[in-house]
$ cat protein.cif   # mmCIF, C-alpha atoms
data_input
loop_
_atom_site.label_atom_id
_atom_site.label_comp_id
_atom_site.auth_asym_id
_atom_site.auth_seq_id
_atom_site.Cartn_x
_atom_site.Cartn_y
_atom_site.Cartn_z
CA MET A 1 -78.81 -70.27 64.46
CA GLY A 2 -76.63 -69.46 67.50
CA LEU A 3 -78.10 -68.72 70.93
CA VAL A 4 -77.50 -64.96 70.75
CA GLN A 5 -79.03 -64.73 67.27
CA TYR A 6 -81.98 -66.78 68.46
CA LEU A 7 -82.54 -64.63 71.54
CA LYS A 8 -82.42 -61.46 69.47
CA THR A 9 -85.46 -62.71 67.56
CA ARG A 10 -87.39 -62.81 70.84
CA GLN A 11 -87.37 -59.19 71.95
CA THR A 12 -90.21 -59.07 74.50
CA ILE A 13 -91.44 -61.04 77.49
CA SER A 14 -94.52 -62.00 75.49
CA SER A 15 -92.47 -63.54 72.67
CA ILE A 16 -89.73 -65.36 74.60
CA GLU A 17 -90.12 -68.91 75.92
CA THR A 18 -91.23 -68.95 79.55
CA PHE A 19 -92.20 -71.17 82.46
CA THR A 20 -95.45 -70.44 84.31
CA LEU A 21 -95.08 -70.14 88.08
CA LEU A 22 -97.64 -71.12 90.71
CA ASP A 23 -99.05 -67.60 90.87
CA GLY A 24 -99.47 -67.39 87.10
CA THR A 25 -96.36 -65.27 86.52
CA LYS A 26 -94.31 -66.19 83.45
CA ILE A 27 -90.54 -66.36 83.93
CA PRO A 28 -88.14 -66.39 80.94
CA TRP A 29 -86.43 -69.74 80.49
CA ILE A 30 -82.93 -68.24 80.42
CA GLY A 31 -81.48 -65.44 82.52
CA TRP A 32 -78.28 -63.57 83.26
CA GLY A 33 -76.82 -63.72 86.77
CA ASN A 34 -75.58 -60.15 87.18
CA GLY A 35 -73.67 -60.94 90.31
CA THR A 36 -71.02 -63.27 91.55
CA GLY A 37 -69.08 -63.73 88.34
CA ASP A 38 -68.34 -60.08 87.63
CA ALA A 39 -66.58 -57.20 89.34
CA LEU A 40 -68.97 -54.61 90.77
CA ASN A 41 -67.77 -51.95 88.36
CA LYS A 42 -68.76 -54.20 85.45
CA ALA A 43 -72.33 -54.85 86.59
CA VAL A 44 -73.91 -52.09 84.51
CA GLU A 45 -71.95 -53.06 81.41
CA CYS A 46 -72.59 -56.80 81.78
CA GLY A 47 -76.30 -56.34 82.42
CA HIS A 48 -76.54 -53.99 79.45
CA VAL A 49 -74.74 -56.43 77.14
CA ALA A 50 -77.01 -59.27 78.29
CA LEU A 51 -80.12 -57.25 77.47
CA GLU A 52 -78.83 -56.10 74.10
CA SER A 53 -78.01 -59.76 73.33
CA GLY A 54 -81.65 -60.71 73.76
CA ILE A 55 -81.73 -61.98 77.36
CA ARG A 56 -84.84 -60.78 79.18
CA HIS A 57 -84.16 -61.93 82.73
CA LEU A 58 -81.60 -60.31 85.04
CA ASP A 59 -80.84 -61.86 88.43
CA THR A 60 -79.26 -59.84 91.24
CA ALA A 61 -79.17 -59.91 95.06
CA GLN A 62 -78.36 -57.83 98.09
CA TRP A 63 -75.29 -60.03 98.57
CA TYR A 64 -73.91 -59.06 95.15
CA LYS A 65 -74.10 -55.36 96.09
CA ASN A 66 -75.18 -54.42 92.58
CA GLU A 67 -78.95 -54.01 92.71
CA LYS A 68 -78.53 -50.32 91.85
CA GLU A 69 -76.25 -51.16 88.93
CA THR A 70 -78.70 -53.79 87.66
CA GLY A 71 -81.45 -51.18 87.61
CA GLN A 72 -79.13 -48.82 85.77
CA ALA A 73 -78.32 -51.49 83.18
CA ILE A 74 -82.02 -51.68 82.33
CA SER A 75 -82.59 -47.92 82.24
CA GLN A 76 -79.56 -47.44 79.99
CA SER A 77 -80.56 -50.19 77.56
CA SER A 78 -82.90 -50.07 74.59
CA VAL A 79 -85.24 -52.48 76.38
CA GLY A 80 -88.22 -51.21 78.36
CA ARG A 81 -88.62 -52.23 81.99
CA GLU A 82 -91.85 -53.99 81.09
CA ASP A 83 -89.88 -56.37 78.88
CA VAL A 84 -87.31 -57.38 81.51
CA PHE A 85 -87.95 -59.94 84.25
CA VAL A 86 -85.91 -59.04 87.32
CA THR A 87 -85.06 -61.27 90.28
CA SER A 88 -83.44 -60.10 93.50
CA LYS A 89 -82.82 -61.74 96.85
CA ILE A 90 -82.79 -60.78 100.51
CA THR A 91 -79.46 -61.60 102.12
CA ASN A 92 -77.60 -60.78 105.31
CA THR A 93 -74.82 -58.57 103.94
CA GLY A 94 -73.39 -56.97 107.07
CA ASP A 95 -71.68 -58.31 110.16
CA GLU A 96 -74.92 -59.84 111.43
CA ALA A 97 -75.27 -63.58 110.99
CA SER A 98 -78.93 -63.19 110.01
CA ILE A 99 -81.73 -60.69 109.39
CA ALA A 100 -84.18 -60.36 112.26
CA VAL A 101 -87.84 -60.85 111.38
CA GLU A 102 -88.62 -57.30 112.49
CA ASP A 103 -86.02 -55.96 110.04
CA VAL A 104 -87.31 -57.74 106.93
CA ARG A 105 -89.51 -54.87 105.74
CA GLU A 106 -86.67 -52.36 105.95
CA SER A 107 -84.31 -54.74 104.16
CA VAL A 108 -86.79 -55.37 101.34
CA GLN A 109 -87.41 -51.64 100.95
CA GLY A 110 -83.67 -51.19 100.56
CA SER A 111 -83.74 -53.55 97.57
CA LEU A 112 -86.64 -51.65 96.00
CA ASP A 113 -84.91 -48.31 96.51
CA ARG A 114 -81.64 -49.50 94.98
CA LEU A 115 -83.31 -51.14 92.00
CA GLY A 116 -85.70 -48.26 91.46
CA PHE A 117 -88.69 -50.58 91.04
CA VAL A 118 -90.36 -53.71 92.44
CA PRO A 119 -88.60 -56.84 91.14
CA ASP A 120 -90.72 -59.47 89.45
CA LEU A 121 -89.38 -62.18 91.75
CA TYR A 122 -87.90 -61.84 95.23
CA LEU A 123 -86.11 -64.74 96.92
CA VAL A 124 -84.79 -65.65 100.35
CA HIS A 125 -81.17 -66.21 99.30
CA THR A 126 -80.46 -69.07 101.72
CA PRO A 127 -82.34 -70.74 104.59
CA PHE A 128 -79.78 -69.15 106.92
CA VAL A 129 -80.84 -65.56 106.23
CA PRO A 130 -83.47 -65.72 109.03
CA PRO A 131 -82.36 -66.41 112.62
CA PRO A 132 -82.51 -70.07 113.71
CA GLY A 133 -86.10 -71.20 114.14
CA GLN A 134 -87.53 -68.09 112.46
CA LEU A 135 -87.85 -69.26 108.87
CA LYS A 136 -91.64 -69.57 108.98
CA ALA A 137 -92.08 -66.15 110.60
CA PHE A 138 -89.66 -64.65 108.08
CA TRP A 139 -91.71 -66.06 105.21
CA LYS A 140 -94.91 -64.66 106.72
CA VAL A 141 -93.49 -61.15 106.42
CA LEU A 142 -92.78 -61.70 102.72
CA GLU A 143 -96.32 -63.00 102.28
CA SER A 144 -97.64 -59.82 103.90
CA LEU A 145 -95.53 -57.66 101.59
CA LYS A 146 -96.89 -59.58 98.61
CA LYS A 147 -100.48 -59.05 99.76
CA GLU A 148 -99.76 -55.34 100.20
CA GLY A 149 -98.45 -55.12 96.64
CA LYS A 150 -94.93 -54.27 97.76
CA LEU A 151 -93.61 -57.53 96.33
CA LYS A 152 -94.75 -59.60 93.36
CA SER A 153 -93.74 -63.27 93.15
CA ILE A 154 -91.82 -64.66 96.13
CA GLY A 155 -89.58 -67.70 96.35
CA VAL A 156 -86.47 -69.20 97.89
CA SER A 157 -82.92 -70.22 96.98
CA ASN A 158 -80.59 -72.96 98.19
CA PHE A 159 -83.34 -74.50 100.33
CA ARG A 160 -83.08 -78.11 101.48
CA PRO A 161 -86.13 -80.38 101.89
CA GLN A 162 -86.44 -79.56 105.60
CA ASP A 163 -86.32 -75.83 104.87
CA LEU A 164 -89.05 -76.08 102.26
CA GLU A 165 -91.19 -78.21 104.56
CA GLU A 166 -90.94 -75.56 107.27
CA VAL A 167 -92.03 -72.78 104.92
CA LEU A 168 -94.81 -74.84 103.33
CA ASP A 169 -96.32 -75.68 106.72
CA GLY A 170 -99.11 -73.13 106.94
CA ALA A 171 -97.93 -71.00 104.03
CA GLU A 172 -100.54 -68.80 102.38
CA PHE A 173 -98.32 -68.49 99.30
CA LYS A 174 -96.00 -71.34 98.37
CA PRO A 175 -92.54 -70.36 97.12
CA VAL A 176 -92.88 -70.19 93.34
CA VAL A 177 -89.26 -71.24 92.76
CA ASN A 178 -86.29 -72.72 94.56
CA GLN A 179 -83.08 -71.54 92.89
CA LEU A 180 -80.39 -74.21 93.19
CA GLU A 181 -76.97 -75.06 91.80
CA TYR A 182 -78.20 -77.63 89.33
CA HIS A 183 -76.15 -79.69 86.89
CA PRO A 184 -75.28 -83.38 86.39
CA TYR A 185 -72.79 -83.40 89.28
CA THR A 186 -75.44 -82.25 91.81
CA LEU A 187 -78.42 -84.21 90.51
CA ALA A 188 -78.19 -87.21 92.85
CA HIS A 189 -77.77 -84.97 95.89
CA LEU A 190 -80.75 -82.82 94.87
CA GLU A 191 -83.24 -85.60 94.17
CA PRO A 192 -85.07 -85.33 97.55
CA VAL A 193 -85.68 -81.59 97.20
CA LEU A 194 -86.53 -81.91 93.50
CA ASP A 195 -89.17 -84.52 94.35
CA LEU A 196 -90.66 -82.23 97.00
CA GLN A 197 -90.76 -79.30 94.61
CA LYS A 198 -92.45 -81.39 91.95
CA LYS A 199 -95.08 -82.46 94.47
CA HIS A 200 -95.92 -78.83 95.29
CA GLY A 201 -95.57 -77.33 91.82
CA ILE A 202 -92.48 -75.31 92.75
CA VAL A 203 -90.30 -74.53 89.74
CA THR A 204 -86.64 -75.54 90.01
CA GLU A 205 -84.55 -72.58 88.89
CA SER A 206 -80.95 -73.45 88.07
CA TYR A 207 -77.77 -71.50 88.66
CA GLY A 208 -74.22 -72.66 88.00
CA THR A 209 -75.36 -74.86 85.15
CA LEU A 210 -72.05 -74.45 83.33
CA SER A 211 -69.97 -74.99 86.48
CA PRO A 212 -68.78 -78.49 85.50
CA THR A 213 -67.24 -77.22 82.27
CA LEU A 214 -65.64 -74.27 84.05
CA ARG A 215 -64.27 -76.33 86.94
CA HIS A 216 -62.92 -79.07 84.67
CA PRO A 217 -61.08 -77.36 81.75
CA THR A 218 -60.45 -80.72 80.10
CA GLY A 219 -64.13 -81.59 80.28
CA GLY A 220 -64.09 -84.07 83.15
CA PRO A 221 -66.58 -86.96 83.17
CA LEU A 222 -69.08 -84.82 81.26
CA LYS A 223 -66.83 -84.33 78.23
CA PRO A 224 -68.08 -87.30 76.17
CA VAL A 225 -71.70 -86.38 76.96
CA LEU A 226 -71.16 -82.77 75.90
CA GLU A 227 -69.42 -83.90 72.72
CA ARG A 228 -72.36 -86.14 71.81
CA ILE A 229 -74.78 -83.27 72.38
CA ALA A 230 -72.62 -80.90 70.33
CA GLU A 231 -72.46 -83.42 67.50
CA ARG A 232 -76.22 -83.96 67.59
CA ILE A 233 -76.97 -80.25 67.25
CA GLY A 234 -74.32 -79.70 64.62
CA LEU A 235 -71.62 -77.92 66.61
CA LEU A 236 -68.94 -80.54 65.90
#
$ encode --input "protein.cif" --output "structure tokens"
Amino acid sequence: MGLVQYLKTRQTISSIETFTLLDGTKIPWIGWGNGTGDALNKAVECGHVALESGIRHLDTAQWYKNEKETGQAISQSSVGREDVFVTSKITNTGDEASIAVEDVRESVQGSLDRLGFVPDLYLVHTPFVPPPGQLKAFWKVLESLKKEGKLKSIGVSNFRPQDLEEVLDGAEFKPVVNQLEYHPYTLAHLEPVLDLQKKHGIVTESYGTLSPTLRHPTGGPLKPVLERIAERIGLL
């Protein structure tokens, strides 16, 4: 059974394989990044195709400038909102180098307005979104929004060990995930942050998993490994 055929047999959040986050939320094991790889005018179509193919997790961000289109992809699909896990991220998208702590609430509300709902998971896109030295204060605002019910699960993306340590120091809610570019070529570099996340129960969420095969058309050093895997699962 191919991946698409398999996914189509798992039509709802309750029937698809998931990981359980620190706050008890269940996140589907596979998702569609509705952002950097596609032109803006294709975001609705791509998100719609992903959902109709059985994927139940869409990932967007302020930086991608397609939160509105991601919401539209869901509303135009045959899948109910309750059966789609949605991630978005707060990002400095204008000329400013960062988002001031006092502007976080307004920025988050912008995401909610564009999506048309509260996302299931909301991330700080990089540790450089807050001004220097303001990461902990920035996180406190997200914690407040979570307590007020204006956000659900909260996490981070592209955080290094020192960034995570800063947020964890005094945090009321630990980040439930750290979304990282994760594949065999980055594993050695990521080991310190992966160890820290394991210690605190933070799920490692991967993006760019297929990057090695895309960046190395001939397969690169991974080619023999991929061929062995393909042979083992009957694709060769």
$ residues_around --input "protein.cif" --residues "segment 117-131 of chain A" --least-positions-apart "3" --cutoff "6 Å" --atoms "only C-alpha atoms" --output "ChimeraX atom specification"
/A:85-92,98-99,112,134-135,152-159
$ write_last_selection --input "protein.cif" --atoms "C-alpha atoms" --output "PDB file, in the coordinates of the input"
ATOM      1  CA  PHE A  85     -87.950 -59.940  84.250  1.00  0.00           C
ATOM      2  CA  VAL A  86     -85.910 -59.040  87.320  1.00  0.00           C
ATOM      3  CA  THR A  87     -85.060 -61.270  90.280  1.00  0.00           C
ATOM      4  CA  SER A  88     -83.440 -60.100  93.500  1.00  0.00           C
ATOM      5  CA  LYS A  89     -82.820 -61.740  96.850  1.00  0.00           C
ATOM      6  CA  ILE A  90     -82.790 -60.780 100.510  1.00  0.00           C
ATOM      7  CA  THR A  91     -79.460 -61.600 102.120  1.00  0.00           C
ATOM      8  CA  ASN A  92     -77.600 -60.780 105.310  1.00  0.00           C
ATOM      9  CA  SER A  98     -78.930 -63.190 110.010  1.00  0.00           C
ATOM     10  CA  ILE A  99     -81.730 -60.690 109.390  1.00  0.00           C
ATOM     11  CA  LEU A 112     -86.640 -51.650  96.000  1.00  0.00           C
ATOM     12  CA  GLN A 134     -87.530 -68.090 112.460  1.00  0.00           C
ATOM     13  CA  LEU A 135     -87.850 -69.260 108.870  1.00  0.00           C
ATOM     14  CA  LYS A 152     -94.750 -59.600  93.360  1.00  0.00           C
ATOM     15  CA  SER A 153     -93.740 -63.270  93.150  1.00  0.00           C
ATOM     16  CA  ILE A 154     -91.820 -64.660  96.130  1.00  0.00           C
ATOM     17  CA  GLY A 155     -89.580 -67.700  96.350  1.00  0.00           C
ATOM     18  CA  VAL A 156     -86.470 -69.200  97.890  1.00  0.00           C
ATOM     19  CA  SER A 157     -82.920 -70.220  96.980  1.00  0.00           C
ATOM     20  CA  ASN A 158     -80.590 -72.960  98.190  1.00  0.00           C
ATOM     21  CA  PHE A 159     -83.340 -74.500 100.330  1.00  0.00           C
TER      22      PHE A 159
END
$ atom_distance --input "protein.cif" --atom1 "atom CA of Thr70 of chain A" --atom2 "atom CA of Ala43 of chain A"
6.5 Å
$ residues_around --input "protein.cif" --residues "Leu196 of chain A" --least-positions-apart "3" --cutoff "10 Å" --atoms "all atoms listed in the file" --output "NGL selection string"
:A and (160-162 or 164-165 or 191-193 or 199-202)
$ atom_distance --input "protein.cif" --atom1 "atom CA of Ser111 of chain A" --atom2 "atom CA of Gln62 of chain A"
6.9 Å
$ residues_around --input "protein.cif" --residues "Glu102 of chain A" --least-positions-apart "3" --cutoff "10 Å" --atoms "all atoms listed in the file" --output "list in words"
Ile99, Arg105, Glu106, Ser107, Ala137, Phe138 and Val141 of chain A
$ atom_distance --input "protein.cif" --atom1 "atom CA of Glu166 of chain A" --atom2 "atom CA of Lys136 of chain A"
6.3 Å
$ resolve_selection --input "protein.cif" --expression "the PyMOL selection byres ((chain A and resi 57) around 7)" --output "mmCIF file with C-alpha atoms, in the coordinates of the input"
data_model
loop_
_atom_site.group_PDB
_atom_site.id
_atom_site.type_symbol
_atom_site.label_atom_id
_atom_site.label_comp_id
_atom_site.auth_asym_id
_atom_site.auth_seq_id
_atom_site.Cartn_x
_atom_site.Cartn_y
_atom_site.Cartn_z
ATOM 1 C CA PRO A 28 -88.140 -66.390 80.940
ATOM 2 C CA ILE A 30 -82.930 -68.240 80.420
ATOM 3 C CA GLY A 31 -81.480 -65.440 82.520
ATOM 4 C CA TRP A 32 -78.280 -63.570 83.260
ATOM 5 C CA ILE A 55 -81.730 -61.980 77.360
ATOM 6 C CA ARG A 56 -84.840 -60.780 79.180
ATOM 7 C CA LEU A 58 -81.600 -60.310 85.040
ATOM 8 C CA ASP A 59 -80.840 -61.860 88.430
ATOM 9 C CA VAL A 84 -87.310 -57.380 81.510
ATOM 10 C CA PHE A 85 -87.950 -59.940 84.250
ATOM 11 C CA VAL A 86 -85.910 -59.040 87.320
#
$ residues_around --input "protein.cif" --residues "Gly71 of chain A" --least-positions-apart "3" --cutoff "7 Å" --atoms "only C-alpha atoms" --output "mmCIF file with C-alpha atoms, keeping the file's coordinate frame"
data_model
loop_
_atom_site.group_PDB
_atom_site.id
_atom_site.type_symbol
_atom_site.label_atom_id
_atom_site.label_comp_id
_atom_site.auth_asym_id
_atom_site.auth_seq_id
_atom_site.Cartn_x
_atom_site.Cartn_y
_atom_site.Cartn_z
ATOM 1 C CA GLU A 67 -78.950 -54.010 92.710
ATOM 2 C CA LYS A 68 -78.530 -50.320 91.850
ATOM 3 C CA ILE A 74 -82.020 -51.680 82.330
ATOM 4 C CA SER A 75 -82.590 -47.920 82.240
ATOM 5 C CA LEU A 115 -83.310 -51.140 92.000
ATOM 6 C CA GLY A 116 -85.700 -48.260 91.460
#
$ resolve_selection --input "protein.cif" --expression "the PyMOL selection byres ((chain A and resi 171-182) around 6)" --output "list in words"
Leu21, Leu22, Ile154, Gly155, Val156, Ser157, Asn158, Leu168, Asp169, Gly170, His183, Thr186, Ile202, Val203, Thr204, Glu205, Ser206, Tyr207, Gly208 and Thr209 of chain A
$ build_atoms --input "protein.cif" --residues "segment 45-70 of chain A" --atoms "N, CA and C atoms" --output "PDB file, keeping the file's coordinate frame"
ATOM      1  N   GLU A  45     -72.345 -52.649  82.761  1.00  0.00           N
ATOM      2  CA  GLU A  45     -71.950 -53.060  81.410  1.00  0.00           C
ATOM      3  C   GLU A  45     -72.422 -54.471  81.093  1.00  0.00           C
ATOM      4  N   CYS A  46     -72.219 -55.404  82.034  1.00  0.00           N
ATOM      5  CA  CYS A  46     -72.590 -56.800  81.780  1.00  0.00           C
ATOM      6  C   CYS A  46     -74.103 -56.947  81.641  1.00  0.00           C
ATOM      7  N   GLY A  47     -74.848 -56.281  82.520  1.00  0.00           N
ATOM      8  CA  GLY A  47     -76.300 -56.340  82.420  1.00  0.00           C
ATOM      9  C   GLY A  47     -76.790 -55.744  81.113  1.00  0.00           C
ATOM     10  N   HIS A  48     -76.173 -54.649  80.703  1.00  0.00           N
ATOM     11  CA  HIS A  48     -76.540 -53.990  79.450  1.00  0.00           C
ATOM     12  C   HIS A  48     -76.263 -54.896  78.255  1.00  0.00           C
ATOM     13  N   VAL A  49     -75.092 -55.525  78.238  1.00  0.00           N
ATOM     14  CA  VAL A  49     -74.740 -56.430  77.140  1.00  0.00           C
ATOM     15  C   VAL A  49     -75.715 -57.610  77.085  1.00  0.00           C
ATOM     16  N   ALA A  50     -76.067 -58.147  78.257  1.00  0.00           N
ATOM     17  CA  ALA A  50     -77.010 -59.270  78.290  1.00  0.00           C
ATOM     18  C   ALA A  50     -78.342 -58.879  77.660  1.00  0.00           C
ATOM     19  N   LEU A  51     -78.841 -57.704  78.015  1.00  0.00           N
ATOM     20  CA  LEU A  51     -80.120 -57.250  77.470  1.00  0.00           C
ATOM     21  C   LEU A  51     -80.043 -57.012  75.971  1.00  0.00           C
ATOM     22  N   GLU A  52     -78.972 -56.381  75.531  1.00  0.00           N
ATOM     23  CA  GLU A  52     -78.830 -56.100  74.100  1.00  0.00           C
ATOM     24  C   GLU A  52     -78.594 -57.382  73.302  1.00  0.00           C
ATOM     25  N   SER A  53     -78.205 -58.462  73.991  1.00  0.00           N
ATOM     26  CA  SER A  53     -78.010 -59.760  73.330  1.00  0.00           C
ATOM     27  C   SER A  53     -79.299 -60.563  73.265  1.00  0.00           C
ATOM     28  N   GLY A  54     -80.365 -60.041  73.845  1.00  0.00           N
ATOM     29  CA  GLY A  54     -81.650 -60.710  73.760  1.00  0.00           C
ATOM     30  C   GLY A  54     -82.126 -61.371  75.034  1.00  0.00           C
ATOM     31  N   ILE A  55     -81.300 -61.401  76.081  1.00  0.00           N
ATOM     32  CA  ILE A  55     -81.730 -61.980  77.360  1.00  0.00           C
ATOM     33  C   ILE A  55     -82.726 -61.031  78.009  1.00  0.00           C
ATOM     34  N   ARG A  56     -83.785 -61.595  78.589  1.00  0.00           N
ATOM     35  CA  ARG A  56     -84.840 -60.780  79.180  1.00  0.00           C
ATOM     36  C   ARG A  56     -85.076 -61.097  80.651  1.00  0.00           C
ATOM     37  N   HIS A  57     -84.073 -61.642  81.291  1.00  0.00           N
ATOM     38  CA  HIS A  57     -84.160 -61.930  82.730  1.00  0.00           C
ATOM     39  C   HIS A  57     -82.818 -61.596  83.358  1.00  0.00           C
ATOM     40  N   LEU A  58     -82.805 -60.643  84.282  1.00  0.00           N
ATOM     41  CA  LEU A  58     -81.600 -60.310  85.040  1.00  0.00           C
ATOM     42  C   LEU A  58     -81.800 -60.717  86.488  1.00  0.00           C
ATOM     43  N   ASP A  59     -80.786 -61.354  87.051  1.00  0.00           N
ATOM     44  CA  ASP A  59     -80.840 -61.860  88.430  1.00  0.00           C
ATOM     45  C   ASP A  59     -79.764 -61.145  89.250  1.00  0.00           C
ATOM     46  N   THR A  60     -80.186 -60.523  90.350  1.00  0.00           N
ATOM     47  CA  THR A  60     -79.260 -59.840  91.240  1.00  0.00           C
ATOM     48  C   THR A  60     -79.592 -60.230  92.682  1.00  0.00           C
ATOM     49  N   ALA A  61     -78.938 -59.601  93.644  1.00  0.00           N
ATOM     50  CA  ALA A  61     -79.170 -59.910  95.060  1.00  0.00           C
ATOM     51  C   ALA A  61     -78.513 -58.848  95.921  1.00  0.00           C
ATOM     52  N   GLN A  62     -79.009 -58.729  97.136  1.00  0.00           N
ATOM     53  CA  GLN A  62     -78.360 -57.830  98.090  1.00  0.00           C
ATOM     54  C   GLN A  62     -76.899 -58.226  98.285  1.00  0.00           C
ATOM     55  N   TRP A  63     -76.647 -59.525  98.315  1.00  0.00           N
ATOM     56  CA  TRP A  63     -75.290 -60.030  98.570  1.00  0.00           C
ATOM     57  C   TRP A  63     -74.316 -59.578  97.489  1.00  0.00           C
ATOM     58  N   TYR A  64     -74.790 -59.441  96.253  1.00  0.00           N
ATOM     59  CA  TYR A  64     -73.910 -59.060  95.150  1.00  0.00           C
ATOM     60  C   TYR A  64     -73.550 -57.575  95.184  1.00  0.00           C
ATOM     61  N   LYS A  65     -74.325 -56.809  95.953  1.00  0.00           N
ATOM     62  CA  LYS A  65     -74.100 -55.360  96.090  1.00  0.00           C
ATOM     63  C   LYS A  65     -74.156 -54.638  94.734  1.00  0.00           C
ATOM     64  N   ASN A  66     -75.047 -55.103  93.871  1.00  0.00           N
ATOM     65  CA  ASN A  66     -75.180 -54.420  92.580  1.00  0.00           C
ATOM     66  C   ASN A  66     -76.637 -54.303  92.126  1.00  0.00           C
ATOM     67  N   GLU A  67     -77.554 -54.227  93.086  1.00  0.00           N
ATOM     68  CA  GLU A  67     -78.950 -54.010  92.710  1.00  0.00           C
ATOM     69  C   GLU A  67     -79.098 -52.673  91.977  1.00  0.00           C
ATOM     70  N   LYS A  68     -78.454 -51.634  92.490  1.00  0.00           N
ATOM     71  CA  LYS A  68     -78.530 -50.320  91.850  1.00  0.00           C
ATOM     72  C   LYS A  68     -77.998 -50.389  90.425  1.00  0.00           C
ATOM     73  N   GLU A  69     -76.858 -51.050  90.253  1.00  0.00           N
ATOM     74  CA  GLU A  69     -76.250 -51.160  88.930  1.00  0.00           C
ATOM     75  C   GLU A  69     -77.113 -51.991  87.972  1.00  0.00           C
ATOM     76  N   THR A  70     -77.804 -52.994  88.506  1.00  0.00           N
ATOM     77  CA  THR A  70     -78.700 -53.790  87.660  1.00  0.00           C
ATOM     78  C   THR A  70     -79.854 -52.937  87.162  1.00  0.00           C
TER      79      THR A  70
END
